[in-house]
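Peer 1: Before I ask anything, here is the structure I am working with.
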Amino acid sequence: MTEILSPITGSVWKIIAQVGTQVNEGDTVVILESMKMEIKVKSPHDGKVAEIKVKEGDSILEDDIIAIVE
Amino acid sequence: MQEVRKRCPVIINFSTGAVGVDRDTRIAHIREVKPEIAALNMGSMNYAKYSPKRKGFVFSLVFQNPFDDIMFFLDTMVKNGVKPECECFDLGHVESVIPLMDMGILKHLQISLVMGVVGGMAATSRNLTHVSSVVPPGIAWQVIGISQDQWLLIATALALGGNIRVGLEDNFYLAPGVMAQGNGPLVEKAVRMARDIGREPATVEEARVILGINRQ
């Protein structure tokens, strides 16, 4: 199980990978919005998305858990 | 945009900024929906966020805005009756409006001084004091502060006679460690700061007059 942490304070613009789907290393899991930019948060390895901890529109802090990949 | 108009009589301003997207796509929505204002990014730059905690860049991009593209965006805005909001992330970006004004292709503009992006101007009062002094006379300017340094810049801009912008696009904090739950509390704080020093925020209709926006 790997926790994917937010690299920045921002808002959750779009959830790309749904719970239960297979992702490869480097696949985008969630897109954040911060500093006038869209920031892709990617899976650090191949695996299955076990949990998405945020909702679209949420404001989150740096290091908040975004998702868990197993 | 129609849904926003139904709910609130605000002036609508859309971005045209993007990295790795061709210029036709960057301006397509402006051509289609014709907002009152659109951002015109006035120069190319590194665009980054550095994390001292991680000792590394969270992201590091090159934001490309050569003059050919700036003039292409400007031409589209003029043809569609959209007022350009010249977004300037550095001193040279402000001075880049001068040749466009001299050629007569940039006439009705406003300037946004965007501060706090790594690669552009740092968010300091000293920088804002200087960069606002090179805005050509008679042109309205506002400050856009990225991160919670926004409040320092708001105070400085208010004292210098400039306009201000707040919102979750730029800053998530009402105070250190206190996240705003929406744009409303950020606007309320900005209004309070303006009134505290004797400046009264314009209504939407007054802002239309000040910015020279005639259409609804």
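Residues are named by chain letter and number: chains run A, B, ... in the order of the structure tokens, numbers start at 1 in each chain, and ligands are numbered from 1 in the order shown.
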Give me, as a PyMOL selection string, the residues of chain B touching chain A, with the criterion being at most 12 Å (counting only C-alpha atoms).
Peer 2: chain B and resi 14-20+39+47-54+56-61+63+87+114-118+144-148+150+167-173+177-183
Peer 1: Write the residues you've just listed into a file as a CSV table (one decimal), in the first residue's frame, and include C-alpha atoms for each of them.
Peer 2:
```csv
chain,number,residue,atom,x,y,z
B,14,PHE,CA,-11.2,33.8,-18.7
B,15,SER,CA,-7.6,32.5,-18.7
B,16,THR,CA,-5.7,31.8,-21.9
B,17,GLY,CA,-2.6,30.4,-20.2
B,18,ALA,CA,-1.5,26.9,-20.7
B,19,VAL,CA,1.7,24.9,-21.1
B,20,GLY,CA,2.2,22.4,-24.0
B,39,ALA,CA,-5.9,37.1,-19.8
B,47,TYR,CA,7.1,28.8,-14.1
B,48,ALA,CA,7.8,26.8,-11.0
B,49,LYS,CA,6.9,26.0,-7.4
B,50,TYR,CA,9.8,25.3,-5.1
B,51,SER,CA,9.3,23.3,-1.8
B,52,PRO,CA,12.0,24.1,0.8
B,53,LYS,CA,10.6,21.1,2.8
B,54,ARG,CA,11.2,18.7,-0.1
B,56,GLY,CA,13.1,20.3,-4.8
B,57,PHE,CA,10.7,21.7,-7.4
B,58,VAL,CA,7.0,20.6,-7.1
B,59,PHE,CA,6.8,21.5,-10.7
B,60,SER,CA,9.0,23.3,-13.1
B,61,LEU,CA,7.6,24.4,-16.5
B,63,PHE,CA,5.5,29.0,-20.0
B,87,GLU,CA,-0.7,39.5,-17.1
B,114,VAL,CA,1.4,38.7,-10.9
B,115,MET,CA,3.8,38.1,-8.1
B,116,GLY,CA,5.1,35.0,-6.2
B,117,VAL,CA,5.7,32.5,-9.0
B,118,VAL,CA,9.2,31.1,-9.0
B,144,ILE,CA,-2.3,39.2,-8.1
B,145,GLY,CA,-0.4,37.7,-5.3
B,146,ILE,CA,0.3,33.9,-5.4
B,147,SER,CA,0.3,32.2,-2.0
B,148,GLN,CA,-0.5,33.7,1.3
B,150,GLN,CA,-1.1,37.9,-1.2
B,167,GLY,CA,-9.5,34.2,-4.8
B,168,LEU,CA,-8.7,30.5,-4.5
B,169,GLU,CA,-7.0,30.5,-7.9
B,170,ASP,CA,-4.2,32.4,-6.3
B,171,ASN,CA,-4.2,31.8,-2.5
B,172,PHE,CA,-5.9,29.4,-0.2
B,173,TYR,CA,-5.2,31.0,3.1
B,177,GLY,CA,-2.6,28.0,8.8
B,178,VAL,CA,-6.2,29.1,8.2
B,179,MET,CA,-7.6,27.8,5.0
B,180,ALA,CA,-10.5,29.7,3.3
B,181,GLN,CA,-13.6,27.7,2.7
B,182,GLY,CA,-14.3,29.5,-0.5
B,183,ASN,CA,-13.8,32.8,-2.4
```
Peer 1: Name the residues of range 129-183 of chain B that come out as helix (DSSP H, G or I) in a backbone DSSP run; write them as an mmCIF file with C-alpha atoms, in the first residue's frame.
Peer 2:
```
data_model
loop_
_atom_site.group_PDB
_atom_site.id
_atom_site.type_symbol
_atom_site.label_atom_id
_atom_site.label_comp_id
_atom_site.auth_asym_id
_atom_site.auth_seq_id
_atom_site.Cartn_x
_atom_site.Cartn_y
_atom_site.Cartn_z
ATOM 1 C CA THR B 129 6.253 49.519 -5.512
ATOM 2 C CA HIS B 130 8.800 49.516 -8.324
ATOM 3 C CA VAL B 131 6.929 47.484 -10.937
ATOM 4 C CA SER B 132 3.722 49.480 -10.487
ATOM 5 C CA SER B 133 5.755 52.633 -11.165
ATOM 6 C CA GLN B 150 -1.088 37.853 -1.185
ATOM 7 C CA TRP B 151 -2.216 39.796 1.898
ATOM 8 C CA LEU B 152 1.027 41.749 2.130
ATOM 9 C CA LEU B 153 0.679 42.661 -1.546
ATOM 10 C CA ILE B 154 -2.984 43.596 -1.142
ATOM 11 C CA ALA B 155 -2.041 46.029 1.626
ATOM 12 C CA THR B 156 0.725 47.508 -0.520
ATOM 13 C CA ALA B 157 -1.457 47.826 -3.635
ATOM 14 C CA LEU B 158 -4.210 49.498 -1.632
ATOM 15 C CA ALA B 159 -1.723 52.028 -0.294
ATOM 16 C CA LEU B 160 -0.286 52.662 -3.778
ATOM 17 C CA ASN B 183 -13.826 32.764 -2.357
#
```
Peer 1: Find the spatial neighbours of Lys53 in chain A, counting only C-alpha atoms, within a cut-off of 8 Å - ignore same-chain residues fewer than 5 positions away - and output them as a count of residues only.
Peer 2: 4
Peer 1: If you run DSSP on the backbone, which residues of chain A are strand (DSSP E or B), as a ChimeraX atom specification?
Peer 2: /A:2-5,10-15,22-23,28-34,37-42,47-52,59-60,65-69
Peer 1: Once you have the residues from the selection above, write them out as a JSON list (two decimals), in the first residue's frame, restricted to N, CA and C atoms.
Peer 2:
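Saved file result-v4.json follows:
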```
[["chain", "number", "residue", "atom", "x", "y", "z"],
["A", 2, "THR", "N", 0.63, 2.13, -0.92],
["A", 2, "THR", "CA", 1.39, 3.38, -0.98],
["A", 2, "THR", "C", 0.43, 4.55, -0.90],
["A", 3, "GLU", "N", 0.72, 5.44, 0.00],
["A", 3, "GLU", "CA", -0.10, 6.66, 0.07],
["A", 3, "GLU", "C", 0.44, 7.68, -0.92],
["A", 4, "ILE", "N", -0.43, 8.22, -1.73],
["A", 4, "ILE", "CA", -0.03, 9.31, -2.64],
["A", 4, "ILE", "C", -0.38, 10.61, -1.94],
["A", 5, "LEU", "N", 0.65, 11.43, -1.69],
["A", 5, "LEU", "CA", 0.46, 12.67, -0.95],
["A", 5, "LEU", "C", 0.39, 13.86, -1.90],
["A", 10, "GLY", "N", -3.67, 23.07, -2.65],
["A", 10, "GLY", "CA", -4.43, 23.36, -3.88],
["A", 10, "GLY", "C", -5.84, 22.86, -3.77],
["A", 11, "SER", "N", -6.55, 22.89, -4.88],
["A", 11, "SER", "CA", -7.89, 22.32, -4.90],
["A", 11, "SER", "C", -7.92, 21.16, -5.89],
["A", 12, "VAL", "N", -8.79, 20.21, -5.60],
["A", 12, "VAL", "CA", -8.89, 19.01, -6.44],
["A", 12, "VAL", "C", -9.78, 19.37, -7.63],
["A", 13, "TRP", "N", -9.18, 19.35, -8.82],
["A", 13, "TRP", "CA", -9.95, 19.72, -10.01],
["A", 13, "TRP", "C", -10.63, 18.49, -10.60],
["A", 14, "LYS", "N", -9.88, 17.40, -10.75],
["A", 14, "LYS", "CA", -10.45, 16.24, -11.43],
["A", 14, "LYS", "C", -9.85, 14.95, -10.89],
["A", 15, "ILE", "N", -10.70, 13.98, -10.64],
["A", 15, "ILE", "CA", -10.21, 12.65, -10.27],
["A", 15, "ILE", "C", -10.19, 11.81, -11.54],
["A", 22, "GLN", "N", -6.83, -0.28, -12.46],
["A", 22, "GLN", "CA", -5.40, -0.58, -12.53],
["A", 22, "GLN", "C", -4.66, 0.65, -13.04],
["A", 23, "VAL", "N", -3.58, 1.02, -12.41],
["A", 23, "VAL", "CA", -2.76, 2.13, -12.92],
["A", 23, "VAL", "C", -1.32, 1.66, -13.09],
["A", 28, "THR", "N", -1.65, 9.42, -14.39],
["A", 28, "THR", "CA", -2.25, 10.47, -13.57],
["A", 28, "THR", "C", -3.41, 9.90, -12.75],
["A", 29, "VAL", "N", -3.39, 10.18, -11.46],
["A", 29, "VAL", "CA", -4.47, 9.72, -10.58],
["A", 29, "VAL", "C", -5.47, 10.86, -10.34],
["A", 30, "VAL", "N", -4.92, 12.04, -10.07],
["A", 30, "VAL", "CA", -5.75, 13.21, -9.75],
["A", 30, "VAL", "C", -5.09, 14.44, -10.36],
["A", 31, "ILE", "N", -5.91, 15.41, -10.77],
["A", 31, "ILE", "CA", -5.35, 16.70, -11.20],
["A", 31, "ILE", "C", -5.75, 17.76, -10.18],
["A", 32, "LEU", "N", -4.74, 18.46, -9.68],
["A", 32, "LEU", "CA", -4.97, 19.55, -8.74],
["A", 32, "LEU", "C", -4.89, 20.88, -9.46],
["A", 33, "GLU", "N", -5.43, 21.90, -8.84],
["A", 33, "GLU", "CA", -5.31, 23.25, -9.36],
["A", 33, "GLU", "C", -4.65, 24.09, -8.28],
["A", 34, "SER", "N", -3.57, 24.74, -8.64],
["A", 34, "SER", "CA", -2.88, 25.61, -7.69],
["A", 34, "SER", "C", -1.96, 26.53, -8.47],
["A", 37, "MET", "N", -2.28, 26.88, -12.19],
["A", 37, "MET", "CA", -1.86, 25.77, -13.05],
["A", 37, "MET", "C", -2.61, 24.49, -12.67],
["A", 38, "GLU", "N", -2.71, 23.58, -13.64],
["A", 38, "GLU", "CA", -3.20, 22.24, -13.37],
["A", 38, "GLU", "C", -1.99, 21.36, -13.10],
["A", 39, "ILE", "N", -2.02, 20.65, -11.97],
["A", 39, "ILE", "CA", -0.87, 19.85, -11.57],
["A", 39, "ILE", "C", -1.28, 18.38, -11.48],
["A", 40, "LYS", "N", -0.65, 17.56, -12.31],
["A", 40, "LYS", "CA", -1.01, 16.15, -12.33],
["A", 40, "LYS", "C", -0.30, 15.41, -11.20],
["A", 41, "VAL", "N", -1.07, 14.66, -10.44],
["A", 41, "VAL", "CA", -0.48, 13.82, -9.38],
["A", 41, "VAL", "C", -0.49, 12.39, -9.90],
["A", 42, "LYS", "N", 0.68, 11.79, -9.97],
["A", 42, "LYS", "CA", 0.83, 10.51, -10.67],
["A", 42, "LYS", "C", 1.07, 9.35, -9.71],
["A", 47, "GLY", "N", -0.12, -0.63, -10.03],
["A", 47, "GLY", "CA", -0.95, -1.17, -8.94],
["A", 47, "GLY", "C", -2.42, -0.90, -9.16],
["A", 48, "LYS", "N", -3.19, -1.16, -8.10],
["A", 48, "LYS", "CA", -4.63, -0.93, -8.16],
["A", 48, "LYS", "C", -4.99, 0.20, -7.20],
["A", 49, "VAL", "N", -5.88, 1.10, -7.64],
["A", 49, "VAL", "CA", -6.30, 2.21, -6.77],
["A", 49, "VAL", "C", -7.24, 1.63, -5.70],
["A", 50, "ALA", "N", -6.75, 1.63, -4.46],
["A", 50, "ALA", "CA", -7.53, 1.05, -3.37],
["A", 50, "ALA", "C", -8.49, 2.07, -2.76],
["A", 51, "GLU", "N", -8.07, 3.35, -2.77],
["A", 51, "GLU", "CA", -8.90, 4.37, -2.11],
["A", 51, "GLU", "C", -8.57, 5.75, -2.68],
["A", 52, "ILE", "N", -9.60, 6.55, -2.87],
["A", 52, "ILE", "CA", -9.40, 7.97, -3.22],
["A", 52, "ILE", "C", -9.91, 8.75, -2.01],
["A", 59, "SER", "N", -10.45, 21.52, -1.05],
["A", 59, "SER", "CA", -9.18, 22.22, -0.85],
["A", 59, "SER", "C", -8.32, 21.35, 0.03],
["A", 60, "ILE", "N", -7.08, 21.14, -0.38],
["A", 60, "ILE", "CA", -6.21, 20.24, 0.38],
["A", 60, "ILE", "C", -4.86, 20.89, 0.64],
["A", 65, "ILE", "N", -3.22, 13.15, 2.25],
["A", 65, "ILE", "CA", -3.29, 11.92, 1.46],
["A", 65, "ILE", "C", -4.37, 12.07, 0.39],
["A", 66, "ILE", "N", -3.98, 11.83, -0.84],
["A", 66, "ILE", "CA", -4.91, 11.94, -1.97],
["A", 66, "ILE", "C", -5.51, 10.57, -2.30],
["A", 67, "ALA", "N", -4.66, 9.56, -2.33],
["A", 67, "ALA", "CA", -5.13, 8.24, -2.75],
["A", 67, "ALA", "C", -4.20, 7.18, -2.18],
["A", 68, "ILE", "N", -4.69, 5.95, -2.20],
["A", 68, "ILE", "CA", -3.87, 4.80, -1.79],
["A", 68, "ILE", "C", -3.84, 3.82, -2.94],
["A", 69, "VAL", "N", -2.62, 3.46, -3.32],
["A", 69, "VAL", "CA", -2.43, 2.48, -4.42],
["A", 69, "VAL", "C", -1.81, 1.23, -3.82]]
```
Peer 1: Work out how far CA of Val187 in chain B is from CA of Val166 in chain B, in Å to one decimal.
Peer 2: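 Interatomic distance here is 6.3 Å.
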Peer 1: Do a neighbour search on range 96-108 of chain B at 9 Å with only C-alpha atoms, toss out local chain neighbours closer than 2 positions, and write the hits as a list in words.
Peer 2: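 The residues satisfying every condition are Met42, Gly43, Phe67, Met71, Leu74, Asp75, Val78, Lys83, Pro84, Cys86, Leu91, Gly92, His93, Val94, Gln110, Pro136, Ile139, Leu211 and Gly212 of chain B.
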Peer 1: Any chance you could export the current selection's N, CA and C atoms as a CSV table (one decimal), in the first residue's frame?
Peer 2:
```csv
chain,number,residue,atom,x,y,z
B,42,MET,N,2.0,38.2,-21.0
B,42,MET,CA,2.9,39.2,-21.7
B,42,MET,C,4.3,38.7,-21.8
B,43,GLY,N,4.6,37.5,-21.6
B,43,GLY,CA,6.0,37.1,-21.8
B,43,GLY,C,6.3,35.6,-21.4
B,67,PHE,N,6.1,37.0,-28.7
B,67,PHE,CA,5.3,38.1,-29.2
B,67,PHE,C,4.4,37.7,-30.3
B,71,MET,N,0.5,38.6,-30.0
B,71,MET,CA,-0.3,39.4,-31.0
B,71,MET,C,-1.4,38.6,-31.7
B,74,LEU,N,-4.1,38.7,-29.0
B,74,LEU,CA,-4.7,40.0,-29.0
B,74,LEU,C,-5.6,40.3,-30.1
B,75,ASP,N,-5.2,39.9,-31.3
B,75,ASP,CA,-6.0,40.1,-32.5
B,75,ASP,C,-7.4,39.4,-32.3
B,78,VAL,N,-9.5,41.4,-29.8
B,78,VAL,CA,-10.0,42.6,-30.4
B,78,VAL,C,-11.2,42.3,-31.3
B,83,LYS,N,-11.8,42.5,-23.8
B,83,LYS,CA,-10.8,43.3,-23.3
B,83,LYS,C,-9.6,42.5,-22.8
B,84,PRO,N,-8.3,42.8,-23.2
B,84,PRO,CA,-7.2,42.1,-22.7
B,84,PRO,C,-6.8,42.5,-21.3
B,86,CYS,N,-3.6,42.3,-19.3
B,86,CYS,CA,-2.2,41.9,-19.6
B,86,CYS,C,-1.6,41.4,-18.3
B,91,LEU,N,9.1,42.4,-14.5
B,91,LEU,CA,9.2,43.8,-15.0
B,91,LEU,C,9.1,43.9,-16.5
B,92,GLY,N,9.9,43.1,-17.2
B,92,GLY,CA,10.0,43.2,-18.6
B,92,GLY,C,8.6,42.9,-19.3
B,93,HIS,N,7.8,42.1,-18.7
B,93,HIS,CA,6.5,41.9,-19.2
B,93,HIS,C,5.6,43.2,-19.3
B,94,VAL,N,5.8,44.0,-18.2
B,94,VAL,CA,5.1,45.3,-18.2
B,94,VAL,C,5.5,46.1,-19.3
B,110,GLN,N,-5.8,46.5,-19.4
B,110,GLN,CA,-5.6,46.7,-17.9
B,110,GLN,C,-4.4,45.8,-17.6
B,136,PRO,N,2.4,52.2,-17.7
B,136,PRO,CA,2.2,53.4,-18.4
B,136,PRO,C,1.1,54.2,-17.8
B,139,ILE,N,-3.3,53.8,-17.2
B,139,ILE,CA,-3.7,52.4,-17.3
B,139,ILE,C,-4.0,51.8,-15.9
B,211,LEU,N,-13.3,50.1,-15.9
B,211,LEU,CA,-12.5,49.3,-16.9
B,211,LEU,C,-12.9,49.5,-18.3
B,212,GLY,N,-13.9,50.3,-18.5
B,212,GLY,CA,-14.4,50.6,-19.9
B,212,GLY,C,-15.0,49.4,-20.6
```
Peer 1: When you look at Gly26 in chain A with a cut-off of 8 Å (counting only C-alpha atoms), what residues show up, excluding the ones that are within fewer than 5 positions of it in the same chain? I need them as a list in words.
Peer 2: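 Final neighbour list, sorted by chain and number: Lys42, Ser43, Pro44 and His45 of chain A.
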